[in-house]
file work_36.cif (mmCIF, C-alpha atoms (C1' of nucleotides))
data_model
loop_
_atom_site.label_atom_id
_atom_site.label_comp_id
_atom_site.auth_asym_id
_atom_site.auth_seq_id
_atom_site.Cartn_x
_atom_site.Cartn_y
_atom_site.Cartn_z
CA MET A 5 -4.22 -37.89 6.84
CA LEU A 6 -0.70 -38.52 5.78
CA ARG A 7 0.63 -41.98 6.36
CA ARG A 8 3.95 -43.13 7.59
CA ARG A 9 5.01 -46.50 6.37
CA PHE A 10 8.05 -47.30 8.38
CA GLY A 11 8.90 -47.95 11.97
CA PHE A 12 8.98 -45.60 14.90
CA GLN A 13 5.93 -43.72 13.84
CA HIS A 14 4.88 -44.06 17.44
CA TRP A 15 8.10 -42.48 18.51
CA TRP A 16 6.55 -39.11 17.90
CA PRO A 17 3.38 -39.75 19.82
CA GLY A 18 1.15 -37.39 17.90
CA GLU A 19 -2.14 -38.73 16.64
CA SER A 20 -2.68 -35.84 14.27
CA THR A 21 -0.50 -33.49 12.28
CA ASP A 22 -1.77 -30.67 14.49
CA GLU A 23 -0.53 -32.45 17.57
CA ILE A 24 2.87 -33.08 16.01
CA VAL A 25 3.34 -29.44 15.03
CA ILE A 26 2.22 -28.18 18.43
CA GLY A 27 4.36 -30.77 20.21
CA ALA A 28 7.38 -29.82 18.11
CA VAL A 29 7.23 -26.27 19.42
CA LEU A 30 6.39 -27.24 22.98
CA THR A 31 9.28 -29.68 23.24
CA GLN A 32 11.95 -27.11 22.50
CA GLN A 33 14.48 -27.37 25.31
CA THR A 34 11.85 -29.20 27.32
CA SER A 35 11.43 -32.80 28.43
CA TRP A 36 8.69 -34.74 26.71
CA LYS A 37 7.09 -35.52 30.07
CA ASN A 38 6.28 -31.85 30.56
CA VAL A 39 5.08 -31.55 26.98
CA GLU A 40 2.68 -34.44 27.53
CA LYS A 41 1.02 -32.57 30.37
CA ALA A 42 0.56 -29.50 28.20
CA LEU A 43 -0.82 -31.60 25.34
CA ALA A 44 -3.23 -33.34 27.71
CA ASN A 45 -4.44 -29.95 28.94
CA LEU A 46 -4.95 -28.78 25.37
CA LYS A 47 -6.91 -31.90 24.57
CA ARG A 48 -9.10 -31.49 27.63
CA GLU A 49 -9.81 -27.89 26.65
CA ASN A 50 -10.62 -29.03 23.14
CA ALA A 51 -7.79 -26.88 21.84
CA LEU A 52 -5.36 -29.42 20.40
CA SER A 53 -5.46 -28.05 16.88
CA ILE A 54 -3.95 -25.25 14.86
CA ASN A 55 -7.44 -23.93 14.22
CA SER A 56 -8.35 -23.70 17.89
CA ILE A 57 -5.04 -22.18 18.89
CA SER A 58 -5.38 -19.51 16.21
CA ARG A 59 -8.50 -18.33 18.01
CA ILE A 60 -7.63 -18.81 21.67
CA GLY A 61 -6.59 -15.94 23.96
CA GLN A 62 -3.01 -15.43 25.07
CA ARG A 63 -3.69 -15.74 28.80
CA LYS A 64 -5.81 -18.81 28.42
CA LEU A 65 -3.24 -20.56 26.25
CA GLU A 66 -0.49 -19.65 28.71
CA ARG A 67 -2.44 -21.30 31.50
CA ILE A 68 -3.08 -24.43 29.45
CA ILE A 69 0.49 -25.05 28.33
CA LYS A 70 2.19 -23.89 31.51
CA PRO A 71 3.73 -27.29 32.40
CA ALA A 72 5.78 -27.20 29.19
CA GLY A 73 7.84 -24.25 30.41
CA PHE A 74 8.66 -20.99 28.58
CA TYR A 75 4.89 -20.79 28.49
CA ARG A 76 4.47 -17.08 27.74
CA GLN A 77 6.89 -17.27 24.84
CA LYS A 78 5.50 -20.54 23.53
CA ALA A 79 1.90 -19.36 23.83
CA ARG A 80 2.67 -16.23 21.85
CA ARG A 81 4.62 -18.14 19.21
CA LEU A 82 2.03 -20.89 18.84
CA ARG A 83 -0.73 -18.34 18.42
CA ASN A 84 1.21 -16.41 15.79
CA ILE A 85 2.21 -19.54 13.92
CA SER A 86 -1.33 -20.91 13.95
CA ALA A 87 -2.88 -17.62 12.87
CA SER A 88 -0.40 -17.33 10.01
CA MET A 89 -0.93 -20.87 8.82
CA ILE A 90 -4.68 -20.34 8.70
CA GLY A 91 -4.52 -16.77 7.45
CA GLN A 92 -1.83 -17.12 4.79
CA TYR A 93 -2.17 -20.73 3.71
CA GLY A 94 -5.78 -21.57 4.51
CA SER A 95 -5.16 -24.55 6.74
CA LEU A 96 -2.44 -26.67 8.27
CA ASP A 97 -3.22 -29.35 5.74
CA ALA A 98 -2.71 -26.97 2.83
CA PHE A 99 0.48 -25.74 4.40
CA LEU A 100 1.88 -29.25 4.76
CA HIS A 101 1.03 -30.13 1.18
CA MET A 102 3.36 -27.56 -0.30
CA LYS A 103 6.75 -28.48 -1.69
CA LYS A 104 9.29 -29.44 0.94
CA THR A 105 11.55 -26.49 0.20
CA ASP A 106 8.62 -24.08 0.38
CA ILE A 107 7.47 -25.53 3.69
CA ARG A 108 10.93 -25.20 5.16
CA LYS A 109 11.30 -21.63 3.98
CA ALA A 110 7.88 -20.68 5.36
CA LEU A 111 8.49 -22.41 8.68
CA LEU A 112 11.80 -20.62 9.21
CA GLU A 113 10.08 -17.28 8.76
CA PHE A 114 7.89 -17.90 11.78
CA ASP A 115 9.17 -16.54 15.05
CA GLY A 116 9.92 -19.56 17.22
CA ILE A 117 10.76 -22.11 14.55
CA GLY A 118 14.41 -22.76 13.77
CA ASN A 119 16.20 -25.49 11.82
CA GLU A 120 15.46 -28.38 14.11
CA THR A 121 11.80 -27.68 14.72
CA ALA A 122 11.28 -27.00 11.02
CA ASP A 123 12.82 -30.31 10.04
CA ALA A 124 10.92 -32.26 12.69
CA ILE A 125 7.67 -30.83 11.33
CA ILE A 126 8.67 -31.63 7.75
CA LEU A 127 9.64 -35.20 8.59
CA TYR A 128 6.88 -36.15 11.00
CA ALA A 129 3.94 -33.92 10.12
CA ALA A 130 4.44 -33.27 6.40
CA ASP A 131 5.90 -36.77 6.03
CA LYS A 132 8.68 -35.67 3.72
CA ARG A 133 12.23 -36.98 3.88
CA ILE A 134 14.63 -34.75 5.72
CA PHE A 135 17.23 -35.49 8.33
CA VAL A 136 16.51 -33.96 11.72
CA ILE A 137 19.52 -32.94 13.73
CA ASP A 138 18.91 -32.42 17.40
CA ALA A 139 21.22 -32.17 20.39
CA TYR A 140 21.56 -35.95 20.61
CA THR A 141 22.37 -36.38 16.95
CA LYS A 142 24.95 -33.62 17.10
CA ARG A 143 26.57 -35.19 20.13
CA ILE A 144 26.78 -38.63 18.56
CA ILE A 145 27.91 -37.41 15.15
CA SER A 146 30.68 -35.45 16.78
CA ARG A 147 32.10 -38.76 17.98
CA VAL A 148 32.13 -40.28 14.55
CA TYR A 149 33.66 -37.30 12.85
CA GLY A 150 36.24 -36.84 15.56
CA PHE A 151 34.51 -33.96 17.25
CA GLU A 152 34.53 -31.58 14.34
CA LYS A 153 34.41 -28.07 15.61
CA ASP A 154 31.42 -25.90 15.13
CA ILE A 155 29.96 -27.59 12.11
CA GLY A 156 26.85 -25.70 11.09
CA TYR A 157 23.40 -27.28 11.12
CA GLU A 158 22.84 -27.34 7.39
CA GLU A 159 26.35 -28.47 6.61
CA LEU A 160 26.03 -31.36 9.03
CA GLN A 161 22.64 -32.20 7.60
CA LYS A 162 24.05 -32.23 4.09
CA THR A 163 26.94 -34.47 5.09
CA ILE A 164 24.67 -37.01 6.72
CA SER A 165 22.12 -36.90 3.94
CA GLU A 166 24.76 -37.61 1.30
CA ASN A 167 25.89 -40.63 3.26
CA LEU A 168 22.35 -41.87 3.50
CA LYS A 169 21.80 -41.98 -0.25
CA GLY A 170 19.83 -45.00 -1.32
CA ARG A 171 18.68 -45.62 2.19
CA GLU A 172 16.21 -42.82 2.60
CA TRP A 173 13.81 -45.07 4.44
CA ILE A 174 15.90 -44.92 7.56
CA TYR A 175 15.46 -41.22 8.15
CA LYS A 176 12.84 -41.56 10.83
CA ASP A 177 14.30 -44.67 12.36
CA PHE A 178 17.76 -43.21 12.42
CA HIS A 179 16.74 -40.05 14.14
CA ALA A 180 14.76 -42.03 16.67
CA GLN A 181 17.74 -44.29 17.30
CA PHE A 182 19.94 -41.29 17.85
CA VAL A 183 17.62 -39.85 20.42
CA ARG A 184 17.20 -43.13 22.22
CA LEU A 185 20.91 -43.91 22.27
CA GLY A 186 21.83 -40.36 23.08
CA LYS A 187 19.54 -40.33 26.08
CA GLU A 188 21.02 -43.54 27.30
CA PHE A 189 24.72 -43.06 26.76
CA CYS A 190 25.78 -39.57 25.78
CA ARG A 191 23.89 -37.24 28.02
CA THR A 192 26.38 -34.51 28.60
CA LYS A 193 29.73 -35.33 27.08
CA PRO A 194 30.64 -35.90 23.46
CA PHE A 195 32.69 -38.87 24.61
CA CYS A 196 31.98 -41.40 27.27
CA GLU A 197 33.38 -44.62 28.63
CA ASN A 198 32.36 -47.93 27.16
CA CYS A 199 30.00 -46.30 24.76
CA PRO A 200 28.42 -48.93 22.50
CA LEU A 201 27.60 -46.40 19.82
CA ASP A 202 30.60 -47.04 17.62
CA GLU A 203 28.90 -49.84 15.72
CA VAL A 204 25.79 -47.77 15.23
CA CYS A 205 27.79 -44.78 14.11
CA LYS A 206 29.77 -46.82 11.58
CA SER A 207 26.55 -47.73 9.85
CA ILE A 208 25.95 -44.18 8.75
"C1'" DA B 28 21.12 -26.79 45.88
"C1'" DC B 29 22.23 -27.62 41.98
"C1'" DC B 30 21.89 -29.59 36.70
"C1'" DC B 31 19.31 -30.84 32.78
"C1'" DA B 32 15.66 -31.26 29.00
"C1'" DG B 33 14.16 -33.66 21.51
"C1'" DG B 34 15.72 -24.77 20.89
"C1'" DT B 35 15.16 -20.06 19.46
"C1'" DG B 36 16.09 -15.32 19.03
"C1'" DG B 37 18.37 -11.10 20.57
"C1'" DC B 38 22.43 -8.70 21.49
"C1'" DC B 39 27.41 -8.05 21.47
"C1'" DC B 40 31.84 -8.14 19.44
"C1'" DG C 10 30.28 -16.00 12.49
"C1'" DG C 11 30.81 -17.31 17.44
"C1'" DG C 12 29.75 -16.54 22.56
"C1'" DC C 13 26.40 -15.31 26.08
"C1'" DC C 14 21.78 -14.64 27.77
"C1'" DA C 15 16.56 -14.98 28.73
"C1'" DC C 16 12.89 -17.86 28.45
"C1'" DA C 17 10.20 -21.48 32.94
"C1'" DT C 18 8.53 -25.91 34.44
"C1'" DG C 19 9.37 -30.47 36.50
"C1'" DG C 20 12.51 -34.35 37.47
"C1'" DG C 21 16.93 -36.38 39.07
#

call {"tool": "encode", "arguments": {"input": "work_36.cif", "output": "structure tokens"}}
result
Amino acid sequence: MLRRRFGFQHWWPGESTDEIVIGAVLTQQTSWKNVEKALANLKRENALSINSISRIGQRKLERIIKPAGFYRQKARRLRNISASMIGQYGSLDAFLHMKKTDIRKALLEFDGIGNETADAIILYAADKRIFVIDAYTKRIISRVYGFEKDIGYEELQKTISENLKGREWIYKDFHAQFVRLGKEFCRTKPFCENCPLDEVCKSI
DNA sequence: ACCCAGGTGGCCC
DNA sequence: GGGCCACATGGG
């Protein structure tokens, strides 16, 4: 199993790479509380692995992950992703041991995995350095950069990554901080009163 | 009775 | 390349 050396490894509460990948898809536009219920159901059904999901039936999987919302879509996507990982790459482990750029390319070809989910999987499951940009990060960064209009995902990622040079170790911590702070202070608006994020943002 | 959550893909222009 | 929309449950 891949190891993570630095803090916040418990921030993504997966105990296995399978759980992290499955959780990454389930949590799309969904609160983690609901995802936890779905993950608990999977565990109880002995289906919390890419291998099991590649063999489970659509209806059964729908029933199991229902609390996570978008359950028909997510069941279909998880089954396809799992079947492809096993069928084309042999195993999840083999898949995650490829080069970072190859993993990202392969992930983006799956239906149901976009930039953010791909990068979360690369950072937390494959344990390779990449900066994950989610809604919270975008919101906070937009403060620092004076609310730059419509900056694309990969452009924003590149900008941040360049500014992180020499401090790669903070990738996981930084993302976690963004999510925590974003939840607390910047829920809906790019700007808010008395926001204590300025200091944090300056440290980019 | 709203609004939101650790997105993605399809369709339209 | 941007602006909507569907997808669905559970919590505030």

call {"tool": "interface_residues", "arguments": {"input": "work_36.cif", "of": "chain A", "to": "chain C", "cutoff": "6 Å", "atoms": "only C-alpha atoms (C1' of nucleotides)", "output": "ChimeraX atom specification"}}
result
/A:71,73-74

call {"tool": "resolve_selection", "arguments": {"input": "work_36.cif", "expression": "the PyMOL selection byres ((chain A and resi 19-29) around 9)", "output": "ChimeraX atom specification"}}
result
/A:5-6,14,16-18,30-32,36,39-40,42-43,52-55,78,81-82,96-97,100,116-117,121-122,124-125,128-130 /B:33-34

call {"tool": "resolve_selection", "arguments": {"input": "work_36.cif", "expression": "the PyMOL selection byres ((chain B) within 12 of (chain A))", "output": "ChimeraX atom specification"}}
result
/B:30-36

call {"tool": "atom_distance", "arguments": {"input": "work_36.cif", "atom1": "atom CA of A:Ala79", "atom2": "atom CA of A:Glu66"}}
result
5.4 Å

call {"tool": "atom_distance", "arguments": {"input": "work_36.cif", "atom1": "atom CA of A:Ala87", "atom2": "atom CA of A:Phe99"}}
result
12.2 Å

call {"tool": "atom_distance", "arguments": {"input": "work_36.cif", "atom1": "atom CA of A:Arg133", "atom2": "atom CA of A:Leu112"}}
result
17.2 Å

call {"tool": "axis_aligned_box", "arguments": {"input": "work_36.cif", "around": "stretch 13-18 of chain C", "padding_each_side": "8 Å", "output": "AutoDock Vina command-line options"}}
result
--center_x 17.5 --center_y -20.3 --center_z 30.3 --size_x 33.9 --size_y 27.3 --size_z 24.4

call {"tool": "decode", "arguments": {"input": "work_36.cif", "residues": "chain B", "atoms": "all heavy atoms", "output": "short mmCIF file (atom, residue, chain, number, x, y, z; two decimals), in the first residue's frame"}}
result
data_model
loop_
_atom_site.label_atom_id
_atom_site.label_comp_id
_atom_site.auth_asym_id
_atom_site.auth_seq_id
_atom_site.Cartn_x
_atom_site.Cartn_y
_atom_site.Cartn_z
P DA B 28 -43.82 23.32 0.55
OP1 DA B 28 -42.79 22.65 -0.13
OP2 DA B 28 -44.89 22.93 1.33
"O5'" DA B 28 -43.32 24.74 1.09
"C5'" DA B 28 -43.55 25.99 0.52
"C4'" DA B 28 -42.24 26.73 0.46
"O4'" DA B 28 -41.44 26.40 1.62
"C3'" DA B 28 -41.40 26.35 -0.76
"O3'" DA B 28 -40.77 27.52 -1.25
"C2'" DA B 28 -40.40 25.38 -0.19
"C1'" DA B 28 -40.17 25.95 1.20
N9 DA B 28 -39.69 24.94 2.15
C8 DA B 28 -40.16 23.68 2.36
N7 DA B 28 -39.50 23.02 3.28
C5 DA B 28 -38.52 23.91 3.70
C6 DA B 28 -37.49 23.83 4.65
N6 DA B 28 -37.27 22.74 5.40
N1 DA B 28 -36.70 24.89 4.83
C2 DA B 28 -36.93 25.98 4.09
N3 DA B 28 -37.88 26.18 3.17
C4 DA B 28 -38.64 25.10 3.01
P DC B 29 -40.37 27.59 -2.82
OP1 DC B 29 -39.89 28.94 -3.08
OP2 DC B 29 -41.50 27.01 -3.58
"O5'" DC B 29 -39.13 26.55 -2.99
"C5'" DC B 29 -37.85 27.05 -3.34
"C4'" DC B 29 -37.13 27.63 -2.14
"O4'" DC B 29 -37.44 26.83 -0.99
"C3'" DC B 29 -35.61 27.59 -2.26
"O3'" DC B 29 -35.14 28.84 -2.71
"C2'" DC B 29 -35.12 27.29 -0.84
"C1'" DC B 29 -36.33 26.81 -0.09
N1 DC B 29 -36.22 25.42 0.43
C2 DC B 29 -35.28 25.11 1.42
O2 DC B 29 -34.55 26.02 1.85
N3 DC B 29 -35.21 23.84 1.91
C4 DC B 29 -36.02 22.90 1.43
N4 DC B 29 -35.92 21.69 1.93
C5 DC B 29 -36.98 23.19 0.40
C6 DC B 29 -37.05 24.44 -0.07
P DC B 30 -33.94 28.92 -3.72
OP1 DC B 30 -33.75 30.32 -4.14
OP2 DC B 30 -34.17 27.86 -4.70
"O5'" DC B 30 -32.69 28.50 -2.83
"C5'" DC B 30 -32.25 29.33 -1.75
"C4'" DC B 30 -31.06 28.66 -1.08
"O4'" DC B 30 -31.54 27.51 -0.35
"C3'" DC B 30 -30.04 28.16 -2.10
"O3'" DC B 30 -28.74 28.57 -1.75
"C2'" DC B 30 -30.19 26.65 -2.05
"C1'" DC B 30 -30.73 26.40 -0.64
N1 DC B 30 -31.54 25.16 -0.54
C2 DC B 30 -31.22 24.21 0.43
O2 DC B 30 -30.29 24.45 1.21
N3 DC B 30 -31.95 23.06 0.50
C4 DC B 30 -32.95 22.86 -0.36
N4 DC B 30 -33.63 21.71 -0.26
C5 DC B 30 -33.29 23.82 -1.35
C6 DC B 30 -32.56 24.94 -1.42
P DC B 31 -27.58 28.46 -2.87
OP1 DC B 31 -26.78 29.69 -2.81
OP2 DC B 31 -28.15 27.97 -4.16
"O5'" DC B 31 -26.72 27.27 -2.26
"C5'" DC B 31 -26.31 27.35 -0.90
"C4'" DC B 31 -25.90 25.96 -0.44
"O4'" DC B 31 -27.06 25.11 -0.38
"C3'" DC B 31 -24.92 25.29 -1.41
"O3'" DC B 31 -23.66 25.18 -0.78
"C2'" DC B 31 -25.53 23.91 -1.68
"C1'" DC B 31 -26.63 23.79 -0.63
N1 DC B 31 -27.79 23.00 -1.10
C2 DC B 31 -28.09 21.78 -0.47
O2 DC B 31 -27.38 21.40 0.47
N3 DC B 31 -29.14 21.05 -0.90
C4 DC B 31 -29.89 21.50 -1.92
N4 DC B 31 -30.91 20.75 -2.32
C5 DC B 31 -29.61 22.74 -2.57
C6 DC B 31 -28.56 23.45 -2.14
P DA B 32 -22.37 24.84 -1.65
OP1 DA B 32 -21.28 25.65 -1.12
OP2 DA B 32 -22.69 24.87 -3.09
"O5'" DA B 32 -22.11 23.33 -1.22
"C5'" DA B 32 -21.99 23.04 0.15
"C4'" DA B 32 -21.96 21.54 0.36
"O4'" DA B 32 -23.22 20.96 -0.02
"C3'" DA B 32 -20.90 20.82 -0.50
"O3'" DA B 32 -20.37 19.73 0.26
"C2'" DA B 32 -21.72 20.32 -1.68
"C1'" DA B 32 -23.03 19.97 -1.00
N9 DA B 32 -24.20 20.02 -1.89
C8 DA B 32 -24.50 20.96 -2.84
N7 DA B 32 -25.65 20.75 -3.45
C5 DA B 32 -26.13 19.59 -2.85
C6 DA B 32 -27.29 18.85 -3.05
N6 DA B 32 -28.23 19.17 -3.94
N1 DA B 32 -27.48 17.75 -2.28
C2 DA B 32 -26.54 17.43 -1.38
N3 DA B 32 -25.39 18.05 -1.11
C4 DA B 32 -25.25 19.15 -1.89
P DG B 33 -18.95 19.83 0.98
OP1 DG B 33 -18.77 18.62 1.75
OP2 DG B 33 -18.87 21.15 1.64
"O5'" DG B 33 -17.83 19.78 -0.16
"C5'" DG B 33 -18.09 20.13 -1.50
"C4'" DG B 33 -16.91 19.87 -2.38
"O4'" DG B 33 -15.68 19.65 -1.67
"C3'" DG B 33 -17.12 18.65 -3.26
"O3'" DG B 33 -16.61 18.91 -4.56
"C2'" DG B 33 -16.36 17.53 -2.57
"C1'" DG B 33 -15.24 18.30 -1.86
N9 DG B 33 -14.99 17.72 -0.55
C8 DG B 33 -15.64 18.01 0.60
N7 DG B 33 -15.22 17.31 1.62
C5 DG B 33 -14.23 16.51 1.10
C6 DG B 33 -13.41 15.54 1.72
O6 DG B 33 -13.42 15.19 2.89
N1 DG B 33 -12.54 14.95 0.83
C2 DG B 33 -12.45 15.27 -0.51
N2 DG B 33 -11.58 14.58 -1.21
N3 DG B 33 -13.22 16.16 -1.10
C4 DG B 33 -14.07 16.75 -0.25
P DG B 34 -17.75 19.57 -5.38
OP1 DG B 34 -17.32 20.85 -5.90
OP2 DG B 34 -19.07 19.48 -4.79
"O5'" DG B 34 -17.70 18.50 -6.55
"C5'" DG B 34 -16.83 18.77 -7.68
"C4'" DG B 34 -16.99 17.62 -8.62
"O4'" DG B 34 -18.39 17.39 -8.84
"C3'" DG B 34 -16.37 17.88 -9.98
"O3'" DG B 34 -15.86 16.63 -10.44
"C2'" DG B 34 -17.54 18.40 -10.81
"C1'" DG B 34 -18.73 17.67 -10.18
N9 DG B 34 -19.97 18.45 -10.17
C8 DG B 34 -20.15 19.75 -9.78
N7 DG B 34 -21.38 20.16 -9.87
C5 DG B 34 -22.06 19.06 -10.34
C6 DG B 34 -23.42 18.90 -10.65
O6 DG B 34 -24.33 19.72 -10.54
N1 DG B 34 -23.69 17.61 -11.11
C2 DG B 34 -22.76 16.62 -11.25
N2 DG B 34 -23.20 15.44 -11.71
N3 DG B 34 -21.48 16.76 -10.98
C4 DG B 34 -21.20 18.00 -10.54
P DT B 35 -15.12 16.62 -11.84
OP1 DT B 35 -14.13 15.53 -11.78
OP2 DT B 35 -14.72 17.98 -12.21
"O5'" DT B 35 -16.29 16.17 -12.81
"C5'" DT B 35 -16.91 14.90 -12.60
"C4'" DT B 35 -17.92 14.64 -13.70
"O4'" DT B 35 -19.08 15.45 -13.48
"C3'" DT B 35 -17.41 14.99 -15.10
"O3'" DT B 35 -17.43 13.80 -15.88
"C2'" DT B 35 -18.38 16.04 -15.62
"C1'" DT B 35 -19.58 15.88 -14.72
N1 DT B 35 -20.38 17.11 -14.43
C2 DT B 35 -21.74 17.09 -14.62
O2 DT B 35 -22.32 16.11 -15.04
N3 DT B 35 -22.39 18.26 -14.30
C4 DT B 35 -21.82 19.42 -13.81
O4 DT B 35 -22.51 20.40 -13.55
C5 DT B 35 -20.39 19.38 -13.64
C7 DT B 35 -19.68 20.59 -13.11
C6 DT B 35 -19.74 18.24 -13.96
P DG B 36 -16.94 13.83 -17.36
OP1 DG B 36 -16.39 12.50 -17.63
OP2 DG B 36 -16.13 15.05 -17.59
"O5'" DG B 36 -18.30 13.99 -18.20
"C5'" DG B 36 -19.36 13.09 -17.93
"C4'" DG B 36 -20.58 13.48 -18.76
"O4'" DG B 36 -21.19 14.66 -18.22
"C3'" DG B 36 -20.29 13.81 -20.23
"O3'" DG B 36 -21.36 13.30 -21.01
"C2'" DG B 36 -20.26 15.32 -20.24
"C1'" DG B 36 -21.35 15.63 -19.23
N9 DG B 36 -21.27 16.94 -18.61
C8 DG B 36 -20.13 17.62 -18.25
N7 DG B 36 -20.38 18.78 -17.69
C5 DG B 36 -21.77 18.88 -17.71
C6 DG B 36 -22.63 19.90 -17.25
O6 DG B 36 -22.33 20.97 -16.73
N1 DG B 36 -23.97 19.58 -17.45
C2 DG B 36 -24.43 18.42 -18.01
N2 DG B 36 -25.75 18.29 -18.11
N3 DG B 36 -23.64 17.45 -18.44
C4 DG B 36 -22.33 17.74 -18.26
P DG B 37 -21.29 13.29 -22.55
OP1 DG B 37 -21.15 11.87 -22.92
OP2 DG B 37 -20.27 14.28 -22.97
"O5'" DG B 37 -22.71 13.82 -23.05
"C5'" DG B 37 -23.89 13.68 -22.25
"C4'" DG B 37 -24.92 14.69 -22.70
"O4'" DG B 37 -24.79 15.90 -21.90
"C3'" DG B 37 -24.79 15.12 -24.16
"O3'" DG B 37 -26.08 15.23 -24.76
"C2'" DG B 37 -24.10 16.46 -24.07
"C1'" DG B 37 -24.66 17.01 -22.76
N9 DG B 37 -23.80 17.99 -22.12
C8 DG B 37 -22.44 17.92 -21.95
N7 DG B 37 -21.94 18.96 -21.33
C5 DG B 37 -23.04 19.77 -21.08
C6 DG B 37 -23.13 21.03 -20.44
O6 DG B 37 -22.21 21.70 -19.95
N1 DG B 37 -24.43 21.50 -20.40
C2 DG B 37 -25.52 20.84 -20.91
N2 DG B 37 -26.70 21.44 -20.77
N3 DG B 37 -25.45 19.65 -21.51
C4 DG B 37 -24.19 19.18 -21.56
P DC B 38 -26.23 15.40 -26.30
OP1 DC B 38 -27.03 14.26 -26.76
OP2 DC B 38 -24.88 15.67 -26.86
"O5'" DC B 38 -27.07 16.74 -26.48
"C5'" DC B 38 -28.00 17.21 -25.51
"C4'" DC B 38 -28.10 18.71 -25.61
"O4'" DC B 38 -27.06 19.32 -24.79
"C3'" DC B 38 -27.91 19.27 -27.02
"O3'" DC B 38 -29.01 20.08 -27.36
"C2'" DC B 38 -26.62 20.08 -26.92
"C1'" DC B 38 -26.63 20.47 -25.46
N1 DC B 38 -25.29 20.82 -24.92
C2 DC B 38 -25.14 22.01 -24.19
O2 DC B 38 -26.13 22.73 -24.00
N3 DC B 38 -23.91 22.33 -23.71
C4 DC B 38 -22.87 21.53 -23.93
N4 DC B 38 -21.69 21.89 -23.43
C5 DC B 38 -23.01 20.32 -24.67
C6 DC B 38 -24.23 20.00 -25.16
P DC B 39 -29.25 20.62 -28.82
OP1 DC B 39 -30.64 20.35 -29.17
OP2 DC B 39 -28.16 20.11 -29.69
"O5'" DC B 39 -29.05 22.18 -28.67
"C5'" DC B 39 -29.74 22.91 -27.63
"C4'" DC B 39 -29.10 24.28 -27.50
"O4'" DC B 39 -27.84 24.14 -26.82
"C3'" DC B 39 -28.79 24.95 -28.84
"O3'" DC B 39 -29.61 26.10 -29.00
"C2'" DC B 39 -27.32 25.31 -28.77
"C1'" DC B 39 -26.97 25.14 -27.30
N1 DC B 39 -25.59 24.66 -27.07
C2 DC B 39 -24.69 25.48 -26.37
O2 DC B 39 -25.08 26.58 -25.96
N3 DC B 39 -23.43 25.03 -26.16
C4 DC B 39 -23.05 23.84 -26.63
N4 DC B 39 -21.81 23.45 -26.39
C5 DC B 39 -23.94 23.00 -27.35
C6 DC B 39 -25.19 23.44 -27.55
P DC B 40 -29.76 26.76 -30.45
OP1 DC B 40 -31.12 27.30 -30.53
OP2 DC B 40 -29.27 25.82 -31.48
"O5'" DC B 40 -28.73 27.97 -30.36
"C5'" DC B 40 -28.78 28.90 -29.27
"C4'" DC B 40 -27.46 29.65 -29.18
"O4'" DC B 40 -26.42 28.77 -28.73
"C3'" DC B 40 -26.98 30.19 -30.52
"O3'" DC B 40 -27.18 31.60 -30.57
"C2'" DC B 40 -25.49 29.88 -30.58
"C1'" DC B 40 -25.18 29.23 -29.24
N1 DC B 40 -24.27 28.06 -29.33
C2 DC B 40 -23.05 28.09 -28.64
O2 DC B 40 -22.77 29.09 -27.96
N3 DC B 40 -22.21 27.02 -28.73
C4 DC B 40 -22.55 25.98 -29.47
N4 DC B 40 -21.71 24.95 -29.53
C5 DC B 40 -23.79 25.93 -30.19
C6 DC B 40 -24.61 26.98 -30.09
#
